[in-house]
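Have a look at model.pdb below; it lists PDB, C-alpha atoms.
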```
ATOM      1  CA  MET A   1     -21.308  59.097   3.885
ATOM      2  CA  ALA A   2     -24.686  60.789   3.534
ATOM      3  CA  GLU A   3     -26.350  57.435   4.107
ATOM      4  CA  THR A   4     -24.484  56.966   7.398
ATOM      5  CA  MET A   5     -25.602  60.386   8.549
ATOM      6  CA  ASN A   6     -29.207  59.590   7.722
ATOM      7  CA  SER A   7     -29.255  56.338   9.622
ATOM      8  CA  GLU A   8     -27.637  58.068  12.596
ATOM      9  CA  GLU A   9     -30.264  60.810  12.493
ATOM     10  CA  GLU A  10     -32.996  58.257  12.144
ATOM     11  CA  PHE A  11     -31.640  56.360  15.132
ATOM     12  CA  ALA A  12     -31.532  59.576  17.174
ATOM     13  CA  GLN A  13     -35.138  60.243  16.226
ATOM     14  CA  ARG A  14     -36.184  56.875  17.589
ATOM     15  CA  TRP A  15     -34.687  57.947  20.907
ATOM     16  CA  GLN A  16     -36.849  61.065  20.928
ATOM     17  CA  LYS A  17     -39.812  59.200  22.382
ATOM     18  CA  PHE A  18     -37.548  58.124  25.184
ATOM     19  CA  ALA A  19     -36.347  61.677  25.897
ATOM     20  CA  HIS A  20     -39.873  62.990  25.907
ATOM     21  CA  VAL A  21     -41.115  60.519  28.500
ATOM     22  CA  SER A  22     -39.809  63.213  30.834
ATOM     23  CA  PRO A  23     -42.114  66.257  30.926
ATOM     24  CA  TYR A  24     -39.225  68.574  31.817
ATOM     25  CA  ASN A  25     -37.164  67.416  28.815
ATOM     26  CA  ARG A  26     -40.241  67.992  26.654
ATOM     27  CA  GLU A  27     -40.811  71.449  28.133
ATOM     28  CA  LEU A  28     -37.242  72.539  27.382
ATOM     29  CA  GLY A  29     -37.376  70.905  23.958
ATOM     30  CA  LEU A  30     -34.417  68.565  24.556
ATOM     31  CA  LEU A  31     -33.834  66.333  21.545
ATOM     32  CA  PRO A  32     -31.438  63.475  20.870
ATOM     33  CA  HIS A  33     -28.892  64.658  18.315
ATOM     34  CA  SER A  34     -26.613  61.641  17.935
ATOM     35  CA  VAL A  35     -26.856  58.616  20.165
ATOM     36  CA  ARG A  36     -23.598  56.693  20.307
ATOM     37  CA  PRO A  37     -21.976  54.835  23.214
ATOM     38  CA  ASP A  38     -18.725  56.791  22.853
ATOM     39  CA  TRP A  39     -20.394  60.230  22.600
ATOM     40  CA  CYS A  40     -24.094  60.694  23.200
ATOM     41  CA  VAL A  41     -25.415  64.128  22.191
ATOM     42  CA  LEU A  42     -28.642  65.935  23.054
ATOM     43  CA  LYS A  43     -29.635  69.344  21.745
ATOM     44  CA  VAL A  44     -31.626  72.276  23.086
ATOM     45  CA  ASP A  45     -32.701  75.101  20.782
ATOM     46  CA  TYR A  46     -32.356  78.696  21.908
ATOM     47  CA  LYS A  47     -35.566  80.076  23.386
ATOM     48  CA  ASP A  48     -36.180  83.587  24.705
ATOM     49  CA  GLY A  49     -38.190  82.039  27.546
ATOM     50  CA  LEU A  50     -35.088  80.252  28.907
ATOM     51  CA  VAL A  51     -32.829  83.286  29.175
ATOM     52  CA  GLY A  52     -31.021  83.785  32.474
ATOM     53  CA  ASP A  53     -29.731  87.320  31.992
ATOM     54  CA  PRO A  54     -32.015  89.771  30.169
ATOM     55  CA  ASN A  55     -29.072  92.138  29.516
ATOM     56  CA  THR A  56     -26.962  89.602  27.642
ATOM     57  CA  ARG A  57     -29.760  87.193  26.493
ATOM     58  CA  VAL A  58     -27.577  84.270  27.560
ATOM     59  CA  LEU A  59     -29.430  81.030  28.411
ATOM     60  CA  HIS A  60     -29.709  80.287  32.131
ATOM     61  CA  GLY A  61     -27.299  77.799  33.666
ATOM     62  CA  GLY A  62     -30.310  75.708  34.674
ATOM     63  CA  VAL A  63     -30.917  74.908  30.993
ATOM     64  CA  ILE A  64     -27.329  73.649  30.668
ATOM     65  CA  THR A  65     -27.797  71.633  33.887
ATOM     66  CA  ALA A  66     -30.913  69.941  32.512
ATOM     67  CA  LEU A  67     -29.307  69.331  29.101
ATOM     68  CA  LEU A  68     -26.239  67.704  30.650
ATOM     69  CA  ASP A  69     -28.223  65.716  33.214
ATOM     70  CA  ALA A  70     -30.389  64.290  30.415
ATOM     71  CA  ALA A  71     -27.392  63.629  28.119
ATOM     72  CA  PHE A  72     -25.623  61.894  31.013
ATOM     73  CA  GLY A  73     -28.626  59.629  31.544
ATOM     74  CA  PHE A  74     -28.706  58.761  27.827
ATOM     75  CA  SER A  75     -24.982  58.014  27.745
ATOM     76  CA  ILE A  76     -25.512  55.445  30.500
ATOM     77  CA  PHE A  77     -28.541  53.814  28.875
ATOM     78  CA  VAL A  78     -26.741  53.293  25.552
ATOM     79  CA  LYS A  79     -23.980  51.424  27.390
ATOM     80  CA  MET A  80     -26.299  48.954  29.097
ATOM     81  CA  PRO A  81     -27.896  45.819  27.671
ATOM     82  CA  GLN A  82     -31.030  46.523  29.727
ATOM     83  CA  ILE A  83     -32.062  49.925  30.991
ATOM     84  CA  ARG A  84     -32.466  50.275  34.740
ATOM     85  CA  PRO A  85     -34.065  53.052  36.768
ATOM     86  CA  MET A  86     -31.497  55.392  38.237
ATOM     87  CA  ALA A  87     -31.057  58.644  40.114
ATOM     88  CA  THR A  88     -28.501  61.444  39.864
ATOM     89  CA  LEU A  89     -26.215  61.238  42.881
ATOM     90  CA  ASP A  90     -24.126  64.267  42.119
ATOM     91  CA  LEU A  91     -23.384  66.606  39.300
ATOM     92  CA  ARG A  92     -20.625  69.176  38.957
ATOM     93  CA  ILE A  93     -20.609  71.799  36.247
ATOM     94  CA  ASP A  94     -17.893  74.330  35.424
ATOM     95  CA  TYR A  95     -19.030  77.285  33.326
ATOM     96  CA  LEU A  96     -16.230  78.208  30.930
ATOM     97  CA  LYS A  97     -17.997  80.777  28.783
ATOM     98  CA  PRO A  98     -21.533  82.023  28.198
ATOM     99  CA  ALA A  99     -23.689  80.347  25.560
ATOM    100  CA  THR A 100     -24.150  82.525  22.456
ATOM    101  CA  PRO A 101     -27.699  83.934  22.139
ATOM    102  CA  ASP A 102     -29.871  82.487  19.327
ATOM    103  CA  LYS A 103     -27.663  79.404  18.961
ATOM    104  CA  ALA A 104     -28.685  75.860  19.847
ATOM    105  CA  VAL A 105     -26.610  74.181  22.557
ATOM    106  CA  LEU A 106     -25.403  70.588  22.318
ATOM    107  CA  GLY A 107     -24.760  68.462  25.378
ATOM    108  CA  GLY A 108     -22.379  65.554  24.818
ATOM    109  CA  ALA A 109     -21.626  62.800  27.296
ATOM    110  CA  VAL A 110     -19.805  59.529  27.763
ATOM    111  CA  CYS A 111     -20.229  57.015  30.534
ATOM    112  CA  TYR A 112     -16.618  56.035  31.267
ATOM    113  CA  LYS A 113     -17.205  53.618  34.122
ATOM    114  CA  LEU A 114     -20.144  51.389  34.841
ATOM    115  CA  THR A 115     -20.463  49.200  37.929
ATOM    116  CA  SER A 116     -23.401  47.171  39.212
ATOM    117  CA  GLU A 117     -24.493  50.103  41.370
ATOM    118  CA  LEU A 118     -22.993  53.259  39.912
ATOM    119  CA  ALA A 119     -22.317  54.981  36.609
ATOM    120  CA  PHE A 120     -19.599  57.632  36.207
ATOM    121  CA  VAL A 121     -20.119  60.114  33.413
ATOM    122  CA  ARG A 122     -18.377  63.133  31.942
ATOM    123  CA  GLY A 123     -19.357  65.528  29.220
ATOM    124  CA  CYS A 124     -19.692  69.084  28.077
ATOM    125  CA  ALA A 125     -22.026  71.635  26.555
ATOM    126  CA  TYR A 126     -20.966  73.383  23.333
ATOM    127  CA  HIS A 127     -22.146  74.974  20.094
ATOM    128  CA  GLU A 128     -19.897  73.615  17.352
ATOM    129  CA  SER A 129     -17.213  71.492  18.948
ATOM    130  CA  PRO A 130     -16.618  69.799  22.304
ATOM    131  CA  ASP A 131     -13.092  71.282  22.053
ATOM    132  CA  ASP A 132     -14.594  74.730  22.624
ATOM    133  CA  PRO A 133     -16.969  74.050  25.518
ATOM    134  CA  ILE A 134     -19.488  76.361  27.176
ATOM    135  CA  ALA A 135     -19.435  74.135  30.243
ATOM    136  CA  THR A 136     -17.734  70.924  31.302
ATOM    137  CA  ALA A 137     -19.329  68.487  33.737
ATOM    138  CA  VAL A 138     -18.957  65.232  35.618
ATOM    139  CA  GLY A 139     -21.692  63.241  37.294
ATOM    140  CA  ILE A 140     -22.345  60.056  39.234
ATOM    141  CA  TYR A 141     -25.588  58.113  38.901
ATOM    142  CA  MET A 142     -26.919  55.363  41.120
ATOM    143  CA  PHE A 143     -29.185  52.552  39.993
ATOM    144  CA  THR A 144     -32.384  52.298  41.975
ATOM    145  CA  GLY A 145     -35.270  49.904  42.308
ATOM    146  CA  GLY A 146     -38.678  50.207  40.734
ATOM    147  CA  ARG A 147     -39.980  50.365  37.212
ATOM    148  CA  THR A 148     -38.140  51.880  34.279
ATOM    149  CA  VAL A 149     -39.674  54.908  32.546
ATOM    150  CA  ILE A 150     -39.796  53.029  29.257
ATOM    151  CA  ARG A 151     -40.044  49.282  28.668
ATOM    152  CA  ASN A 152     -36.826  47.624  27.599
ATOM    153  CA  GLU A 153     -38.512  46.247  24.444
ATOM    154  CA  GLU A 154     -39.169  49.828  23.379
ATOM    155  CA  VAL A 155     -35.586  51.020  23.741
ATOM    156  CA  PRO A 156     -34.067  51.663  20.286
ATOM    157  CA  ARG A 157     -31.055  49.480  19.564
TER
ATOM    158  CA  MET B   1     -37.244  99.302  32.499
ATOM    159  CA  LYS B   2     -33.582  98.308  32.615
ATOM    160  CA  PHE B   3     -32.470  95.438  34.837
ATOM    161  CA  ALA B   4     -30.443  97.729  37.147
ATOM    162  CA  GLU B   5     -33.518  99.942  37.644
ATOM    163  CA  ILE B   6     -35.710  96.948  38.458
ATOM    164  CA  LEU B   7     -33.086  95.815  40.952
ATOM    165  CA  THR B   8     -32.943  99.229  42.636
ATOM    166  CA  SER B   9     -36.704  99.462  42.931
ATOM    167  CA  CYS B  10     -36.975  95.874  44.291
ATOM    168  CA  ARG B  11     -34.322  96.627  46.910
ATOM    169  CA  ALA B  12     -36.234  99.741  47.945
ATOM    170  CA  SER B  13     -39.679  98.132  48.051
ATOM    171  CA  SER B  14     -38.682  94.616  49.235
ATOM    172  CA  ASP B  15     -41.073  93.314  46.595
ATOM    173  CA  TRP B  16     -38.964  90.923  44.562
ATOM    174  CA  SER B  17     -41.558  89.688  42.092
ATOM    175  CA  PRO B  18     -40.661  92.265  39.372
ATOM    176  CA  LEU B  19     -37.084  90.950  39.511
ATOM    177  CA  VAL B  20     -38.231  87.342  39.120
ATOM    178  CA  GLN B  21     -40.465  88.434  36.245
ATOM    179  CA  SER B  22     -37.536  90.160  34.520
ATOM    180  CA  ILE B  23     -35.559  86.905  34.241
ATOM    181  CA  PRO B  24     -37.225  84.603  31.706
ATOM    182  CA  TYR B  25     -35.901  81.338  33.169
ATOM    183  CA  ALA B  26     -37.008  82.305  36.707
ATOM    184  CA  ARG B  27     -40.415  83.208  35.280
ATOM    185  CA  PHE B  28     -40.511  79.854  33.493
ATOM    186  CA  LEU B  29     -39.990  78.125  36.856
ATOM    187  CA  ASN B  30     -42.571  80.492  38.387
ATOM    188  CA  LEU B  31     -40.245  81.187  41.335
ATOM    189  CA  ARG B  32     -41.274  83.154  44.393
ATOM    190  CA  ILE B  33     -39.103  84.827  47.000
ATOM    191  CA  ASP B  34     -40.051  85.048  50.636
ATOM    192  CA  ILE B  35     -38.088  87.204  53.065
ATOM    193  CA  LYS B  36     -38.854  87.253  56.758
ATOM    194  CA  GLY B  37     -36.299  89.259  58.722
ATOM    195  CA  ASP B  38     -32.936  87.706  57.853
ATOM    196  CA  ALA B  39     -34.474  84.503  56.544
ATOM    197  CA  PHE B  40     -34.375  84.188  52.758
ATOM    198  CA  THR B  41     -36.416  81.454  51.102
ATOM    199  CA  CYS B  42     -36.829  80.846  47.397
ATOM    200  CA  ILE B  43     -39.839  78.763  46.411
ATOM    201  CA  LEU B  44     -40.347  76.507  43.393
ATOM    202  CA  PRO B  45     -44.095  75.823  43.171
ATOM    203  CA  PHE B  46     -44.778  72.329  41.914
ATOM    204  CA  ASP B  47     -45.776  72.033  38.288
ATOM    205  CA  GLN B  48     -46.255  68.913  36.191
ATOM    206  CA  LYS B  49     -43.704  70.214  33.661
ATOM    207  CA  LEU B  50     -40.912  69.923  36.282
ATOM    208  CA  ILE B  51     -41.157  66.136  36.383
ATOM    209  CA  GLY B  52     -38.163  64.186  35.109
ATOM    210  CA  ASN B  53     -39.261  60.673  35.972
ATOM    211  CA  PRO B  54     -43.014  60.215  35.507
ATOM    212  CA  VAL B  55     -42.996  56.710  37.011
ATOM    213  CA  LEU B  56     -41.927  57.702  40.533
ATOM    214  CA  PRO B  57     -42.850  60.609  39.961
ATOM    215  CA  ALA B  58     -39.787  62.747  40.679
ATOM    216  CA  LEU B  59     -38.578  66.232  39.833
ATOM    217  CA  HIS B  60     -36.032  66.444  36.997
ATOM    218  CA  GLY B  61     -32.480  66.829  38.314
ATOM    219  CA  GLY B  62     -32.112  69.735  35.904
ATOM    220  CA  ALA B  63     -35.156  71.468  37.374
ATOM    221  CA  THR B  64     -33.844  71.076  40.922
ATOM    222  CA  GLY B  65     -30.387  72.193  39.784
ATOM    223  CA  GLY B  66     -31.702  75.236  37.919
ATOM    224  CA  PHE B  67     -33.809  76.154  40.931
ATOM    225  CA  LEU B  68     -30.776  75.996  43.256
ATOM    226  CA  GLU B  69     -28.810  78.203  40.881
ATOM    227  CA  CYS B  70     -31.643  80.766  40.707
ATOM    228  CA  ALA B  71     -31.981  80.769  44.498
ATOM    229  CA  GLY B  72     -28.256  81.506  44.843
ATOM    230  CA  MET B  73     -28.439  84.270  42.291
ATOM    231  CA  PHE B  74     -31.434  85.972  43.917
ATOM    232  CA  TYR B  75     -29.808  85.684  47.323
ATOM    233  CA  LEU B  76     -26.714  87.504  46.021
ATOM    234  CA  LEU B  77     -28.797  90.227  44.388
ATOM    235  CA  LEU B  78     -30.433  90.720  47.758
ATOM    236  CA  GLN B  79     -27.337  90.521  49.934
ATOM    237  CA  THR B  80     -24.824  92.452  47.856
ATOM    238  CA  GLU B  81     -24.805  95.811  46.089
ATOM    239  CA  THR B  82     -24.144  94.323  42.657
ATOM    240  CA  GLN B  83     -25.842  96.097  39.757
ATOM    241  CA  SER B  84     -25.698  93.149  37.370
ATOM    242  CA  LEU B  85     -26.389  89.434  37.651
ATOM    243  CA  PRO B  86     -23.617  87.374  39.240
ATOM    244  CA  LYS B  87     -22.094  84.803  36.870
ATOM    245  CA  THR B  88     -21.917  81.152  37.847
ATOM    246  CA  ILE B  89     -18.326  79.888  37.860
ATOM    247  CA  ASP B  90     -19.036  76.349  38.982
ATOM    248  CA  PHE B  91     -21.900  74.446  40.473
ATOM    249  CA  ASN B  92     -21.812  71.243  42.466
ATOM    250  CA  ILE B  93     -25.076  69.482  43.224
ATOM    251  CA  ASP B  94     -25.584  66.557  45.568
ATOM    252  CA  TYR B  95     -28.941  64.904  45.100
ATOM    253  CA  LEU B  96     -29.893  63.524  48.504
ATOM    254  CA  ARG B  97     -33.520  62.492  48.231
ATOM    255  CA  THR B  98     -36.094  62.120  45.479
ATOM    256  CA  GLY B  99     -37.719  65.451  44.676
ATOM    257  CA  LEU B 100     -41.419  64.679  45.125
ATOM    258  CA  ALA B 101     -44.313  66.182  43.194
ATOM    259  CA  GLN B 102     -44.728  69.072  45.602
ATOM    260  CA  ASP B 103     -43.441  72.601  46.296
ATOM    261  CA  THR B 104     -39.701  72.927  46.943
ATOM    262  CA  TYR B 105     -37.978  75.513  49.123
ATOM    263  CA  ALA B 106     -34.382  76.730  49.101
ATOM    264  CA  ASN B 107     -32.328  78.419  51.792
ATOM    265  CA  VAL B 108     -28.932  79.917  51.146
ATOM    266  CA  VAL B 109     -25.812  80.304  53.274
ATOM    267  CA  MET B 110     -23.051  82.665  52.215
ATOM    268  CA  VAL B 111     -19.970  80.602  53.050
ATOM    269  CA  LYS B 112     -17.645  83.372  51.980
ATOM    270  CA  GLN B 113     -18.130  86.712  50.344
ATOM    271  CA  GLY B 114     -14.949  87.887  48.698
ATOM    272  CA  ARG B 115     -14.463  91.030  46.675
ATOM    273  CA  ARG B 116     -14.976  89.269  43.349
ATOM    274  CA  VAL B 117     -16.244  85.804  44.215
ATOM    275  CA  ALA B 118     -19.018  84.608  46.509
ATOM    276  CA  ASN B 119     -19.124  81.028  47.738
ATOM    277  CA  LEU B 120     -22.614  79.766  48.568
ATOM    278  CA  ARG B 121     -24.236  76.686  49.990
ATOM    279  CA  ILE B 122     -27.830  76.214  48.924
ATOM    280  CA  GLU B 123     -30.182  73.652  50.432
ATOM    281  CA  ALA B 124     -33.414  72.567  48.790
ATOM    282  CA  TRP B 125     -36.075  70.866  50.872
ATOM    283  CA  GLN B 126     -39.740  69.895  50.732
ATOM    284  CA  SER B 127     -41.301  68.476  53.888
ATOM    285  CA  SER B 128     -38.788  69.885  56.353
ATOM    286  CA  PRO B 129     -35.547  71.930  56.212
ATOM    287  CA  ASP B 130     -33.698  69.175  58.101
ATOM    288  CA  LYS B 131     -34.490  66.739  55.287
ATOM    289  CA  PRO B 132     -32.845  68.388  52.278
ATOM    290  CA  ILE B 133     -33.535  66.871  48.856
ATOM    291  CA  ALA B 134     -30.521  68.529  47.247
ATOM    292  CA  LEU B 135     -27.465  70.489  48.255
ATOM    293  CA  GLY B 136     -25.801  73.004  45.976
ATOM    294  CA  HIS B 137     -22.314  74.353  46.493
ATOM    295  CA  CYS B 138     -21.124  77.033  44.118
ATOM    296  CA  ASN B 139     -18.906  79.962  43.273
ATOM    297  CA  PHE B 140     -20.374  83.062  41.684
ATOM    298  CA  MET B 141     -18.408  85.887  40.086
ATOM    299  CA  LEU B 142     -19.887  89.096  41.399
ATOM    300  CA  GLY B 143     -20.777  91.782  38.877
ATOM    301  CA  ALA B 144     -19.841  95.425  39.040
TER
END
```
Structure translated into structure tokens:
Amino acid sequence: MAETMNSEEEFAQRWQKFAHVSPYNRELGLLPHSVRPDWCVLKVDYKDGLVGDPNTRVLHGGVITALLDAAFGFSIFVKMPQIRPMATLDLRIDYLKPATPDKAVLGGAVCYKLTSELAFVRGCAYHESPDDPIATAVGIYMFTGGRTVIRNEEVPR
Amino acid sequence: MKFAEILTSCRASSDWSPLVQSIPYARFLNLRIDIKGDAFTCILPFDQKLIGNPVLPALHGGATGGFLECAGMFYLLLQTETQSLPKTIDFNIDYLRTGLAQDTYANVVMVKQGRRVANLRIEAWQSSPDKPIALGHCNFMLGA
């Protein structure tokens, strides 16, 4: 069991380079947590500098937006044989409860429909379990032209 | 100084920078607020750290989204008498154009102000307000 965990962690670490191609992901400290086609998870650690309400010390919704947007992108890439450049078409987030101060937030996602032009994704942000979400979200992504941010040979498989 | 006191003094002086400074995430984005008469504009100055796709380059969807949410929140603090920060209930973002590596502006329309909930439409643009890069539509729970 422990061995499985280690290989999963190691795999997630190989995706880190990919996450950090994006300066904004790097700035927020977004990290791959577990990268699986059925549930792709990114993590953001609590930081005082990302607080949205100084009275409650709750992280700003913008941090959750970025976490989910990035996790959604990952969940699409792990489903595709070749990565393709894409753009967020729309994103909807429902805030169910505030994030707890000092706790890391996980953003999990699954791409549940992939067509030649579009990817449909759903997911949620949570601390311990996706069954007790901070926010739930759905998004649609559109494949675009141009170069990919990372070469396909470099994508961990 | 407590948040409510900062808010009161900003409302009195029309200088909103202390309010922006009091919210860490807004400070992180280095937001500015510009008010001319009835026109409210929130500004996200371009910074390299806001880039999501370095190839294009394009702003991160999360940066644009967070900016829209901040703009809505500041607009409500300005337009209503609330003493605490409104809470986001839901947020819907349509990404219309690539966010380029330049300053971004946001204008806000109050679609409906209820007693407890405010419904806002927030448009982000760069070169011209009639070419929005993103459109936010959201409900905020108003504080006491």
* Fewer than 2 positions away in the same chain doesn't count, so skip those; otherwise give me all residues within 7 Å of stretch 77-86 of chain B, counting all atoms listed in the file, as a list in words. => Asp53 of chain A; Ala4, Met73, Phe74, Tyr75, Thr88, Phe140, Met141, Leu142, Gly143 and Ala144 of chain B
Produce a file of the selected residues containing C-alpha atoms, as an mmCIF file, in the coordinates of the input.
```cif
data_model
loop_
_atom_site.group_PDB
_atom_site.id
_atom_site.type_symbol
_atom_site.label_atom_id
_atom_site.label_comp_id
_atom_site.auth_asym_id
_atom_site.auth_seq_id
_atom_site.Cartn_x
_atom_site.Cartn_y
_atom_site.Cartn_z
ATOM 1 C CA ASP A 53 -29.731 87.320 31.992
ATOM 2 C CA ALA B 4 -30.443 97.729 37.147
ATOM 3 C CA MET B 73 -28.439 84.270 42.291
ATOM 4 C CA PHE B 74 -31.434 85.972 43.917
ATOM 5 C CA TYR B 75 -29.808 85.684 47.323
ATOM 6 C CA THR B 88 -21.917 81.152 37.847
ATOM 7 C CA PHE B 140 -20.374 83.062 41.684
ATOM 8 C CA MET B 141 -18.408 85.887 40.086
ATOM 9 C CA LEU B 142 -19.887 89.096 41.399
ATOM 10 C CA GLY B 143 -20.777 91.782 38.877
ATOM 11 C CA ALA B 144 -19.841 95.425 39.040
#
```
* Asked: Just so the selection is clear, what residues does the PyMOL selection byres ((chain B) within 7 of (chain A)) cover here, as a list in words?
  ->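 The output of the PyMOL selection byres ((chain B) within 7 of (chain A)) on this file is Ile23, Pro24, Tyr25, Phe28, Lys49, Leu50, Ile51, Gly52, Asn53, Pro54, Val55, His60, Gly61, Gly62, Ala63, Gly65, Gly66, Glu69, Leu85, Thr88, Ile89, Asp90, Phe91, Asn92, Ile93, Asp94 and Tyr95 of chain B.
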* To do: Can you give me, as a list in words, the residues this file yields under the PyMOL selection byres ((chain A and resi 118) around 9)?
  =>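 Those residues are Met86, Lys113, Leu114, Thr115, Ser116, Glu117, Ala119, Phe120, Ile140, Tyr141, Met142 and Phe143 of chain A.
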* **Two-atom distance - atom CA of B:Ser22, atom CA of B:Ser127 (Å)** =>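 Atom CA of B:Ser127 lies at a distance of 29.3 Å from atom CA of B:Ser22.
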For stretch 127-141 of chain B, what centre and edge lengths in Å (one decimal) does the axis-aligned box get once 6 Å is added on each side of all its listed atoms, as JSON?
```
{"center_x": -29.9, "center_y": 76.3, "center_z": 49.1, "size_x": 34.9, "size_y": 31.1, "size_z": 30.0}
```
* **Interatomic distance, atom CA of A:Asp131 to atom CA of A:Ala109 (Å, one decimal)** => 13.1 Å
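Separating atom CA of A:Gly29 from atom CA of A:Gln13 is a distance of 13.4 Å.
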* Pull out every residue that the PyMOL selection byres ((chain A and resi 35-46) around 6) matches in the shown coordinates and put them as a ChimeraX atom specification. => /A:12,29-34,47,71,75,78-79,102-110
* Excluding stretch 34-37 of chain B and residues on its chain fewer than 5 positions from it, collect all residues at most 9 Å away from it, counting all atoms listed in the file, and give them as JSON, numbers by chain. => {"B": [14, 16, 42, 43]}
